[in-house]
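Below: protein-v2.pdb (PDB, C-alpha atoms)
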ATOM      1  CA  MET P   9       1.264  -4.862  -7.270
ATOM      2  CA  PRO P  10       3.247  -1.861  -6.058
ATOM      3  CA  PHE P  11       2.745   0.141  -9.269
ATOM      4  CA  GLU P  12      -0.841   0.808 -10.266
ATOM      5  CA  ILE P  13      -1.806   1.739 -13.786
ATOM      6  CA  GLU P  14      -5.557   2.044 -14.159
ATOM      7  CA  ARG P  15      -8.294   3.526 -16.275
ATOM      8  CA  LYS P  16     -11.688   4.529 -14.929
ATOM      9  CA  PHE P  17     -15.047   4.993 -16.627
ATOM     10  CA  LEU P  18     -18.574   5.929 -15.614
ATOM     11  CA  LEU P  19     -21.366   3.370 -15.819
ATOM     12  CA  SER P  20     -25.002   4.191 -16.428
ATOM     13  CA  ALA P  21     -27.155   1.085 -16.334
ATOM     14  CA  PHE P  22     -25.302  -1.851 -14.819
ATOM     15  CA  GLU P  23     -26.410  -5.400 -14.129
ATOM     16  CA  PRO P  24     -23.625  -7.398 -12.447
ATOM     17  CA  PRO P  25     -23.100 -10.781 -14.106
ATOM     18  CA  GLN P  26     -23.789 -13.979 -12.153
ATOM     19  CA  THR P  27     -20.036 -14.581 -11.945
ATOM     20  CA  ALA P  28     -19.270 -11.249 -10.274
ATOM     21  CA  VAL P  29     -17.755 -11.309  -6.787
ATOM     22  CA  ARG P  30     -19.490  -8.709  -4.629
ATOM     23  CA  GLN P  31     -17.656  -6.973  -1.771
ATOM     24  CA  HIS P  32     -18.954  -4.286   0.528
ATOM     25  CA  ILE P  33     -16.380  -1.525   1.008
ATOM     26  CA  GLU P  34     -16.231   1.248   3.597
ATOM     27  CA  GLN P  35     -13.261   3.520   3.234
ATOM     28  CA  GLY P  36     -12.038   6.717   4.767
ATOM     29  CA  TYR P  37      -9.017   8.938   4.345
ATOM     30  CA  ILE P  38      -6.607   9.880   7.114
ATOM     31  CA  ALA P  39      -4.722  12.155   4.767
ATOM     32  CA  ILE P  40      -5.188  13.531   1.268
ATOM     33  CA  ARG P  41      -2.411  15.774  -0.034
ATOM     34  CA  ASP P  42      -2.488  18.246  -2.899
ATOM     35  CA  ASP P  43      -0.019  16.076  -4.818
ATOM     36  CA  GLY P  44      -2.446  13.144  -4.690
ATOM     37  CA  THR P  45      -0.658  11.226  -1.929
ATOM     38  CA  GLU P  46      -3.252   9.570   0.280
ATOM     39  CA  VAL P  47      -3.458   7.479   3.430
ATOM     40  CA  ARG P  48      -6.566   5.334   3.516
ATOM     41  CA  LEU P  49      -8.383   2.959   5.833
ATOM     42  CA  ARG P  50     -10.564   0.398   4.105
ATOM     43  CA  ARG P  51     -12.873  -2.277   5.423
ATOM     44  CA  ILE P  52     -13.491  -4.747   2.619
ATOM     45  CA  GLY P  53     -15.386  -7.946   3.295
ATOM     46  CA  GLY P  54     -13.836  -9.343   6.465
ATOM     47  CA  SER P  55     -10.525  -7.526   6.247
ATOM     48  CA  ARG P  56      -9.286  -4.125   7.326
ATOM     49  CA  VAL P  57      -6.510  -2.452   5.410
ATOM     50  CA  LEU P  58      -4.243   0.557   5.891
ATOM     51  CA  GLY P  59      -3.024   1.843   2.541
ATOM     52  CA  VAL P  60      -0.647   4.562   1.415
ATOM     53  CA  LYS P  61      -0.623   5.725  -2.190
ATOM     54  CA  ARG P  62       1.832   8.111  -3.756
ATOM     55  CA  SER P  63       1.749   9.549  -7.245
ATOM     56  CA  ALA P  64       4.958   9.293  -9.227
ATOM     57  CA  SER P  65       6.191   9.340 -12.779
ATOM     58  CA  SER P  66       7.232   6.221 -14.639
ATOM     59  CA  ALA P  67      10.463   5.960 -16.613
ATOM     60  CA  GLU P  68       8.382   7.038 -19.618
ATOM     61  CA  GLY P  69       7.054  10.053 -17.726
ATOM     62  CA  SER P  70       3.475   8.820 -17.398
ATOM     63  CA  PRO P  71       1.688   9.020 -14.074
ATOM     64  CA  VAL P  72       1.714   5.825 -12.047
ATOM     65  CA  ARG P  73       0.646   5.197  -8.490
ATOM     66  CA  ILE P  74       2.721   3.514  -5.848
ATOM     67  CA  GLU P  75       0.641   1.618  -3.313
ATOM     68  CA  VAL P  76       1.560  -0.035  -0.030
ATOM     69  CA  GLU P  77      -1.078  -1.882   1.983
ATOM     70  CA  ARG P  78      -1.092  -3.610   5.347
ATOM     71  CA  GLU P  79      -3.773  -5.554   7.192
ATOM     72  CA  LEU P  80      -4.967  -4.083  10.487
ATOM     73  CA  GLY P  81      -6.556  -5.772  13.474
ATOM     74  CA  GLU P  82     -10.130  -4.856  14.357
ATOM     75  CA  GLN P  83      -9.057  -2.808  17.383
ATOM     76  CA  GLU P  84      -6.373  -0.924  15.445
ATOM     77  CA  PHE P  85      -8.861  -0.128  12.700
ATOM     78  CA  THR P  86     -11.514   1.022  15.152
ATOM     79  CA  GLU P  87      -9.051   3.268  16.971
ATOM     80  CA  LEU P  88      -7.814   4.932  13.792
ATOM     81  CA  TRP P  89     -11.213   5.202  12.027
ATOM     82  CA  PRO P  90     -12.303   8.446  13.804
ATOM     83  CA  ALA P  91      -9.373  10.162  12.014
ATOM     84  CA  THR P  92     -11.265   9.696   8.715
ATOM     85  CA  GLU P  93     -14.321  11.720   9.775
ATOM     86  CA  GLY P  94     -15.616  13.861   6.919
ATOM     87  CA  ALA P  95     -13.694  11.842   4.333
ATOM     88  CA  ARG P  96     -15.541   8.557   3.962
ATOM     89  CA  LEU P  97     -17.471   6.644   1.346
ATOM     90  CA  VAL P  98     -19.376   3.385   1.052
ATOM     91  CA  LYS P  99     -19.753   1.263  -2.057
ATOM     92  CA  ASP P 100     -20.382  -2.241  -3.320
ATOM     93  CA  ARG P 101     -17.659  -3.550  -5.582
ATOM     94  CA  TYR P 102     -18.369  -6.172  -8.259
ATOM     95  CA  THR P 103     -15.269  -7.881  -9.639
ATOM     96  CA  PHE P 104     -15.500  -9.921 -12.822
ATOM     97  CA  GLU P 105     -13.888 -10.703 -16.167
ATOM     98  CA  ALA P 106     -15.069  -8.784 -19.206
ATOM     99  CA  SER P 107     -13.479  -8.054 -22.577
ATOM    100  CA  GLY P 108     -10.441 -10.100 -21.553
ATOM    101  CA  VAL P 109      -9.616  -8.055 -18.461
ATOM    102  CA  THR P 110     -10.605  -7.946 -14.792
ATOM    103  CA  VAL P 111     -13.009  -5.090 -14.139
ATOM    104  CA  TYR P 112     -13.993  -3.538 -10.825
ATOM    105  CA  ALA P 113     -17.469  -2.015 -10.969
ATOM    106  CA  ASP P 114     -18.260   0.223  -7.988
ATOM    107  CA  VAL P 115     -21.849   1.033  -7.017
ATOM    108  CA  TYR P 116     -21.716   3.911  -4.549
ATOM    109  CA  GLN P 117     -24.106   4.271  -1.621
ATOM    110  CA  GLY P 118     -25.201   6.913   0.850
ATOM    111  CA  GLU P 119     -24.663  10.489  -0.368
ATOM    112  CA  LEU P 120     -23.105   9.128  -3.540
ATOM    113  CA  ALA P 121     -26.055   6.831  -4.380
ATOM    114  CA  GLY P 122     -26.614   6.791  -8.134
ATOM    115  CA  LEU P 123     -22.921   6.984  -8.990
ATOM    116  CA  ARG P 124     -21.401   3.924 -10.648
ATOM    117  CA  THR P 125     -17.864   3.597 -11.958
ATOM    118  CA  VAL P 126     -15.733   0.850 -13.417
ATOM    119  CA  GLU P 127     -11.960   0.511 -13.128
ATOM    120  CA  VAL P 128      -9.516  -1.628 -15.045
ATOM    121  CA  GLU P 129      -5.926  -2.176 -13.863
ATOM    122  CA  PHE P 130      -3.097  -2.876 -16.255
ATOM    123  CA  GLY P 131       0.349  -4.418 -15.954
ATOM    124  CA  SER P 132       1.951  -1.862 -18.240
ATOM    125  CA  GLU P 133       1.254   1.481 -19.817
ATOM    126  CA  ALA P 134       1.268  -0.121 -23.257
ATOM    127  CA  GLN P 135      -1.582  -2.411 -22.172
ATOM    128  CA  ALA P 136      -3.465   0.527 -20.688
ATOM    129  CA  ALA P 137      -3.149   2.502 -23.911
ATOM    130  CA  ALA P 138      -4.168  -0.469 -26.067
ATOM    131  CA  PHE P 139      -7.334  -1.194 -24.059
ATOM    132  CA  SER P 140     -10.513  -0.640 -25.994
ATOM    133  CA  ALA P 141     -13.439   0.033 -23.667
ATOM    134  CA  PRO P 142     -16.491  -2.171 -24.262
ATOM    135  CA  GLU P 143     -19.764  -0.546 -25.318
ATOM    136  CA  TRP P 144     -21.367  -0.753 -21.879
ATOM    137  CA  PHE P 145     -18.655   1.497 -20.373
ATOM    138  CA  GLY P 146     -19.623   5.175 -20.154
ATOM    139  CA  ALA P 147     -17.440   8.267 -20.387
ATOM    140  CA  GLU P 148     -13.813   7.865 -19.359
ATOM    141  CA  VAL P 149     -12.878   9.729 -16.162
ATOM    142  CA  THR P 150      -9.278   8.512 -15.745
ATOM    143  CA  GLY P 151      -7.373  11.275 -13.962
ATOM    144  CA  VAL P 152     -10.473  13.453 -13.519
ATOM    145  CA  LYS P 153     -10.097  14.824 -10.003
ATOM    146  CA  ALA P 154     -13.833  15.078  -9.225
ATOM    147  CA  TYR P 155     -14.182  11.327  -9.733
ATOM    148  CA  LYS P 156     -11.212  10.254  -7.631
ATOM    149  CA  ASN P 157     -12.323   8.372  -4.536
ATOM    150  CA  GLN P 158     -10.482  10.834  -2.307
ATOM    151  CA  THR P 159     -12.495  13.690  -3.853
ATOM    152  CA  LEU P 160     -15.787  11.772  -3.761
ATOM    153  CA  ALA P 161     -15.200  11.054  -0.068
ATOM    154  CA  THR P 162     -14.643  14.696   0.829
ATOM    155  CA  ARG P 163     -16.657  16.685  -1.746
ATOM    156  CA  GLY P 164     -19.497  14.308  -2.548
ATOM    157  CA  MET P 165     -21.225  13.878  -5.860
ATOM    158  CA  PRO P 166     -19.487  15.672  -8.753
ATOM    159  CA  GLY P 167     -21.445  18.698  -9.960
ATOM    160  CA  SER P 168     -23.750  18.704  -6.934
TER     161      SER P 168
ATOM    162  CA  MET I  16       1.453  -0.623  23.036
ATOM    163  CA  PRO I  17      -1.449   0.973  21.186
ATOM    164  CA  PHE I  18      -1.924   3.783  23.720
ATOM    165  CA  GLU I  19       1.076   5.992  24.298
ATOM    166  CA  ILE I  20       1.450   8.131  27.385
ATOM    167  CA  GLU I  21       4.761   9.910  27.467
ATOM    168  CA  ARG I  22       6.630  12.828  28.953
ATOM    169  CA  LYS I  23       9.428  14.650  27.202
ATOM    170  CA  PHE I  24      12.268  16.800  28.521
ATOM    171  CA  LEU I  25      15.218  18.717  27.115
ATOM    172  CA  LEU I  26      18.749  17.541  27.820
ATOM    173  CA  SER I  27      21.763  19.812  28.049
ATOM    174  CA  ALA I  28      24.951  17.861  28.610
ATOM    175  CA  PHE I  29      24.424  14.167  28.024
ATOM    176  CA  GLU I  30      26.844  11.257  28.261
ATOM    177  CA  PRO I  31      25.142   7.988  27.298
ATOM    178  CA  PRO I  32      25.872   5.214  29.815
ATOM    179  CA  GLN I  33      27.825   2.127  28.722
ATOM    180  CA  THR I  34      24.595   0.106  28.861
ATOM    181  CA  ALA I  35      22.706   2.355  26.420
ATOM    182  CA  VAL I  36      21.519   0.807  23.165
ATOM    183  CA  ARG I  37      22.240   3.227  20.309
ATOM    184  CA  GLN I  38      20.033   3.306  17.195
ATOM    185  CA  HIS I  39      20.329   5.596  14.211
ATOM    186  CA  ILE I  40      16.913   6.933  13.161
ATOM    187  CA  GLU I  41      15.851   8.653   9.960
ATOM    188  CA  GLN I  42      12.234   9.634   9.872
ATOM    189  CA  GLY I  43       9.956  11.591   7.613
ATOM    190  CA  TYR I  44       6.291  12.508   7.618
ATOM    191  CA  ILE I  45       3.846  11.690   4.824
ATOM    192  CA  ALA I  46       1.113  13.602   6.596
ATOM    193  CA  ILE I  47       0.823  15.908   9.585
ATOM    194  CA  ARG I  48      -2.647  17.181  10.410
ATOM    195  CA  ASP I  49      -3.660  20.135  12.536
ATOM    196  CA  ASP I  50      -5.241  17.764  15.072
ATOM    197  CA  GLY I  51      -1.863  16.068  15.595
ATOM    198  CA  THR I  52      -2.632  12.962  13.517
ATOM    199  CA  GLU I  53       0.507  11.902  11.683
ATOM    200  CA  VAL I  54       1.667   9.317   9.174
ATOM    201  CA  ARG I  55       5.361   8.578   9.477
ATOM    202  CA  LEU I  56       8.074   6.573   7.780
ATOM    203  CA  ARG I  57      10.972   5.590   9.988
ATOM    204  CA  ARG I  58      14.207   3.777   9.294
ATOM    205  CA  ILE I  59      15.574   2.551  12.604
ATOM    206  CA  GLY I  60      18.584   0.276  12.690
ATOM    207  CA  GLY I  61      17.850  -2.411  10.100
ATOM    208  CA  SER I  62      14.089  -1.987   9.994
ATOM    209  CA  ARG I  63      11.713   0.269   8.120
ATOM    210  CA  VAL I  64       8.408   1.183   9.680
ATOM    211  CA  LEU I  65       5.181   2.842   8.564
ATOM    212  CA  GLY I  66       3.393   4.392  11.521
ATOM    213  CA  VAL I  67       0.092   6.174  12.019
ATOM    214  CA  LYS I  68      -0.571   8.135  15.204
ATOM    215  CA  ARG I  69      -3.839   9.715  16.229
ATOM    216  CA  SER I  70      -4.489  11.908  19.234
ATOM    217  CA  ALA I  71      -7.450  10.994  21.388
ATOM    218  CA  SER I  72      -8.765  11.464  24.874
ATOM    219  CA  SER I  73      -8.636   8.780  27.516
ATOM    220  CA  ALA I  74     -11.605   7.820  29.684
ATOM    221  CA  GLU I  75     -10.212  10.327  32.203
ATOM    222  CA  GLY I  76     -10.070  13.030  29.525
ATOM    223  CA  SER I  77      -6.284  13.230  29.322
ATOM    224  CA  PRO I  78      -4.553  13.234  25.959
ATOM    225  CA  VAL I  79      -3.277   9.847  24.832
ATOM    226  CA  ARG I  80      -1.862   8.779  21.498
ATOM    227  CA  ILE I  81      -3.019   5.817  19.483
ATOM    228  CA  GLU I  82      -0.244   4.283  17.421
ATOM    229  CA  VAL I  83      -0.262   1.617  14.717
ATOM    230  CA  GLU I  84       2.984   0.469  13.126
ATOM    231  CA  ARG I  85       3.848  -1.933  10.325
ATOM    232  CA  GLU I  86       7.165  -3.094   8.906
ATOM    233  CA  LEU I  87       7.872  -2.190   5.286
ATOM    234  CA  GLY I  88      10.140  -3.848   2.767
ATOM    235  CA  GLU I  89      13.139  -1.902   1.479
ATOM    236  CA  GLN I  90      11.505  -1.278  -1.914
ATOM    237  CA  GLU I  91       8.216  -0.145  -0.391
ATOM    238  CA  PHE I  92      10.060   2.227   1.923
ATOM    239  CA  THR I  93      12.193   3.631  -0.885
ATOM    240  CA  GLU I  94       9.159   4.205  -3.098
ATOM    241  CA  LEU I  95       7.216   6.031  -0.391
ATOM    242  CA  TRP I  96      10.147   8.025   1.058
ATOM    243  CA  PRO I  97      10.000  10.860  -1.552
ATOM    244  CA  ALA I  98       6.559  11.737  -0.125
ATOM    245  CA  THR I  99       8.302  12.899   3.077
ATOM    246  CA  GLU I 100      10.404  15.593   1.371
ATOM    247  CA  GLY I 101      10.618  18.740   3.491
ATOM    248  CA  ALA I 102       9.480  16.883   6.615
ATOM    249  CA  ARG I 103      12.419  14.786   7.749
ATOM    250  CA  LEU I 104      14.798  14.495  10.659
ATOM    251  CA  VAL I 105      17.788  12.414  11.683
ATOM    252  CA  LYS I 106      18.798  11.493  15.206
ATOM    253  CA  ASP I 107      20.640   8.954  17.312
ATOM    254  CA  ARG I 108      18.525   7.343  19.978
ATOM    255  CA  TYR I 109      20.028   5.981  23.205
ATOM    256  CA  THR I 110      17.763   3.656  25.142
ATOM    257  CA  PHE I 111      18.590   2.767  28.731
ATOM    258  CA  GLU I 112      17.227   2.322  32.240
ATOM    259  CA  ALA I 113      17.431   5.263  34.630
ATOM    260  CA  SER I 114      15.517   6.188  37.779
ATOM    261  CA  GLY I 115      13.560   2.946  37.480
ATOM    262  CA  VAL I 116      12.156   3.643  34.021
ATOM    263  CA  THR I 117      13.217   3.154  30.398
ATOM    264  CA  VAL I 118      14.387   6.438  28.877
ATOM    265  CA  TYR I 119      14.866   7.315  25.226
ATOM    266  CA  ALA I 120      17.480  10.040  24.767
ATOM    267  CA  ASP I 121      17.511  11.545  21.261
ATOM    268  CA  VAL I 122      20.558  13.391  19.928
ATOM    269  CA  TYR I 123      19.464  15.236  16.801
ATOM    270  CA  GLN I 124      21.669  15.715  13.754
ATOM    271  CA  GLY I 125      21.786  17.838  10.620
ATOM    272  CA  GLU I 126      19.873  21.112  10.916
ATOM    273  CA  LEU I 127      18.802  20.131  14.402
ATOM    274  CA  ALA I 128      22.358  19.446  15.658
ATOM    275  CA  GLY I 129      22.687  20.593  19.247
ATOM    276  CA  LEU I 130      19.178  19.588  20.226
ATOM    277  CA  ARG I 131      18.852  16.724  22.701
ATOM    278  CA  THR I 132      15.649  15.430  24.246
ATOM    279  CA  VAL I 133      14.660  12.554  26.474
ATOM    280  CA  GLU I 134      11.327  10.731  26.516
ATOM    281  CA  VAL I 135       9.803   8.410  29.045
ATOM    282  CA  GLU I 136       6.752   6.248  28.265
ATOM    283  CA  PHE I 137       4.287   5.167  30.907
ATOM    284  CA  GLY I 138       1.712   2.414  31.209
ATOM    285  CA  SER I 139      -0.861   4.659  32.833
ATOM    286  CA  GLU I 140      -1.596   8.297  33.436
ATOM    287  CA  ALA I 141      -1.153   7.777  37.167
ATOM    288  CA  GLN I 142       2.397   6.560  36.571
ATOM    289  CA  ALA I 143       3.084   9.496  34.250
ATOM    290  CA  ALA I 144       1.871  11.963  36.856
ATOM    291  CA  ALA I 145       3.846  10.296  39.640
ATOM    292  CA  PHE I 146       7.129  10.338  37.728
ATOM    293  CA  SER I 147       9.777  12.529  39.280
ATOM    294  CA  ALA I 148      12.335  13.636  36.700
ATOM    295  CA  PRO I 149      15.958  12.983  37.694
ATOM    296  CA  GLU I 150      18.328  15.923  38.108
ATOM    297  CA  TRP I 151      20.052  15.479  34.760
ATOM    298  CA  PHE I 152      16.753  16.057  32.864
ATOM    299  CA  GLY I 153      16.251  19.628  31.646
ATOM    300  CA  ALA I 154      13.040  21.603  31.160
ATOM    301  CA  GLU I 155       9.897  19.591  30.495
ATOM    302  CA  VAL I 156       8.501  20.047  26.975
ATOM    303  CA  THR I 157       5.667  17.494  27.087
ATOM    304  CA  GLY I 158       2.953  18.742  24.757
ATOM    305  CA  VAL I 159       4.994  21.740  23.574
ATOM    306  CA  LYS I 160       4.304  21.887  19.854
ATOM    307  CA  ALA I 161       7.678  23.327  18.820
ATOM    308  CA  TYR I 162       9.416  20.265  20.264
ATOM    309  CA  LYS I 163       7.183  17.644  18.696
ATOM    310  CA  ASN I 164       9.081  15.588  16.134
ATOM    311  CA  GLN I 165       6.566  16.481  13.438
ATOM    312  CA  THR I 166       7.255  20.185  14.091
ATOM    313  CA  LEU I 167      11.030  19.726  14.317
ATOM    314  CA  ALA I 168      10.955  17.899  10.964
ATOM    315  CA  THR I 169       9.085  20.680   9.174
ATOM    316  CA  ARG I 170      10.048  23.888  11.060
ATOM    317  CA  GLY I 171      13.539  23.069  12.273
ATOM    318  CA  MET I 172      15.125  24.216  15.515
ATOM    319  CA  PRO I 173      12.687  25.891  17.938
ATOM    320  CA  GLY I 174      13.265  29.629  18.192
ATOM    321  CA  SER I 175      15.534  29.715  15.134
TER     322      SER I 175
END
Show the structure stored in the file as structure tokens.
Amino acid sequence: MPFEIERKFLLSAFEPPQTAVRQHIEQGYIAIRDDGTEVRLRRIGGSRVLGVKRSASSAEGSPVRIEVERELGEQEFTELWPATEGARLVKDRYTFEASGVTVYADVYQGELAGLRTVEVEFGSEAQAAAFSAPEWFGAEVTGVKAYKNQTLATRGMPGS
Amino acid sequence: MPFEIERKFLLSAFEPPQTAVRQHIEQGYIAIRDDGTEVRLRRIGGSRVLGVKRSASSAEGSPVRIEVERELGEQEFTELWPATEGARLVKDRYTFEASGVTVYADVYQGELAGLRTVEVEFGSEAQAAAFSAPEWFGAEVTGVKAYKNQTLATRGMPGS
């Protein structure tokens, strides 16, 4: 969907359920702007994606993210990838249903090994506000800059 | 083509030939990096294009540009366009054959009114080197930063 409304939480212990779909993700940033606008390359499973995200305000004034994505060919991806040097991260993503919503649990690798987060996307701000996090979710980090993927990719582990 | 090899010249007087194809272009930059990498939105005629360019070196060591472009829908373009504020330009492009090559003559508008450039793209560096500019071309500005579109969009008229 073009407008993204999401909430993000830390995870401590995490055992993916049998039903979870696991995807290996490598992503890197071509551009990260102070206003949060980002241009990202992502290899996820067998596909390669160019994505642009822009922060904006909804009619109600809340922050929402506008996202446009396009598939790339292998050669296009490979030629652009060097532009992401110094701004990359690797993670395994587990997608599954829990507490009536789709959750995306990310288990980071490499320099970020040990970090685990979970994201939930909502169709409206009302839904996002009404969501009650299940017990196995940790502290909420929605909007916390240190835990944004673009910051993790460039600055590494928060607090390190 | 994914690899771009081009030469660029100034134009003083310029009368587009009857055969020239005229296109109105509005373009803005989402990102411009110090290394020349750029992420661009362009409205050209009836289409809207997201483009990423990266500078690289060819096997022979000469600078070449890698370019990936994707069409956007009107809504996607409109939602991303605000991210280009302060980095935009408008021009009319005349495309035609001259001296055995395809030339792209750009007549800038708005704050850049009065500026005219012409670009020629080549299939190889040997062709680029062998090209002899016709008499009606002005000074060559290939590689001159002040005349790059990304600089024109953010800094305005060179020398102003």
Pick out the residues sitting within 7 Å of range 120-124 of chain I, and hand them over as a ChimeraX atom specification; count only C-alpha atoms, and ignore anything fewer than 3 positions along from it in its own chain. /I:105-110,127-134
Using the chain letters and numbers from the file, which residues does the PyMOL selection byres ((chain I and resi 21) around 8) grab, as a PyMOL selection string? chain I and resi 19-20+22-23+134-137+143+157
Hey, which bits of chain I sit within 12 Å of chain P, and for each residue what's the closest pair of atoms and how far apart in Å (one decimal), counting all atoms listed in the file, rows by chain and increasing number, as a tab-separated table?
residue	atom	partner	partner_atom	distance
I:Met16	CA	P:Glu84	CA	10.9
I:Pro17	CA	P:Glu84	CA	7.8
I:Phe18	CA	P:Glu87	CA	9.8
I:Tyr44	CA	P:Ala39	CA	11.4
I:Ile45	CA	P:Thr45	CA	8.1
I:Ala46	CA	P:Ala39	CA	6.3
I:Ile47	CA	P:Ala39	CA	8.2
I:Arg48	CA	P:Ala39	CA	7.8
I:Asp49	CA	P:Ala39	CA	11.2
I:Asp50	CA	P:Ala91	CA	9.2
I:Gly51	CA	P:Ala91	CA	10.2
I:Thr52	CA	P:Ala91	CA	7.5
I:Glu53	CA	P:Ala39	CA	8.7
I:Val54	CA	P:Val47	CA	7.9
I:Arg55	CA	P:Val47	CA	10.7
I:Leu56	CA	P:Val60	CA	11.0
I:Val64	CA	P:Arg78	CA	11.5
I:Leu65	CA	P:Val60	CA	9.4
I:Gly66	CA	P:Leu58	CA	10.2
I:Val67	CA	P:Leu88	CA	8.2
I:Lys68	CA	P:Leu88	CA	8.0
I:Arg69	CA	P:Leu88	CA	6.7
I:Ser70	CA	P:Ala91	CA	8.9
I:Ala71	CA	P:Glu87	CA	9.0
I:Ser72	CA	P:Glu87	CA	11.4
I:Ser73	CA	P:Glu87	CA	11.9
I:Val79	CA	P:Glu87	CA	11.8
I:Arg80	CA	P:Glu87	CA	10.1
I:Ile81	CA	P:Glu87	CA	7.0
I:Glu82	CA	P:Glu84	CA	8.3
I:Val83	CA	P:Glu84	CA	6.7
I:Glu84	CA	P:Leu80	CA	9.5
I:Arg85	CA	P:Arg78	CA	7.2
I:Glu86	CA	P:Arg78	CA	9.0
I:Leu87	CA	P:Val76	CA	8.5
I:Gly88	CA	P:Val76	CA	9.8
I:Glu89	CA	P:Val76	CA	11.8
I:Gln90	CA	P:Pro10	CA	9.3
I:Glu91	CA	P:Val76	CA	6.7
I:Phe92	CA	P:Val76	CA	9.0
I:Thr93	CA	P:Ile74	CA	10.7
I:Glu94	CA	P:Ile74	CA	7.0
I:Leu95	CA	P:Arg62	CA	6.7
I:Trp96	CA	P:Arg62	CA	9.6
I:Pro97	CA	P:Arg62	CA	8.9
I:Ala98	CA	P:Arg62	CA	7.0
I:Thr99	CA	P:Thr45	CA	10.4
For the atom pair CA of Gly36 in chain P and CA of Gly151 in chain P, what is the interatomic distance in Å to one decimal place? 19.8 Å
Ground truth for the PyMOL selection byres ((chain P and resi 54) around 10), written as a PyMOL selection string: chain P and resi 31-33+51-53+55-56+82
I want to know what sits within 12 Å of Ser168 in chain P, based on all atoms listed in the file, with residues of the same chain fewer than 3 positions away left out; could you give that as a PDB file with C-alpha atoms, in the frame of the given file?
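Contents of the output file out_32.pdb:
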ATOM      1  CA  GLU P 119     -24.663  10.489  -0.368  1.00  0.00           C
ATOM      2  CA  LEU P 120     -23.105   9.128  -3.540  1.00  0.00           C
ATOM      3  CA  LEU P 123     -22.921   6.984  -8.990  1.00  0.00           C
ATOM      4  CA  ALA P 154     -13.833  15.078  -9.225  1.00  0.00           C
ATOM      5  CA  LEU P 160     -15.787  11.772  -3.761  1.00  0.00           C
ATOM      6  CA  ARG P 163     -16.657  16.685  -1.746  1.00  0.00           C
ATOM      7  CA  GLY P 164     -19.497  14.308  -2.548  1.00  0.00           C
ATOM      8  CA  MET P 165     -21.225  13.878  -5.860  1.00  0.00           C
TER       9      MET P 165
END
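As for CA of Leu19 in chain P and CA of Gly146 in chain P, they are spaced 5.0 Å apart.
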To one decimal in Å, tell me the separation between CA of Val149 in chain P and CA of Leu18 in chain P.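 CA of Leu18 in chain P lies at a distance of 6.9 Å from CA of Val149 in chain P.
Residues with any atom within 6 Å of Ala161 in chain P, counting all atoms listed in the file and excluding same-chain neighbours fewer than 2 positions away, are Ala95, Arg96, Leu97, Asn157, Gln158, Thr159 and Gly164 of chain P.
For Gly115 in chain I, the non-local neighbours within 12 Å, defined as residues at least 2 positions apart in the same chain or in other chains and counting all atoms listed in the file, are Phe111, Glu112, Ala113, Thr117, Val118, Val135, Glu136, Phe137, Gln142, Phe146, Ser147, Ala148 and Pro149 of chain I.
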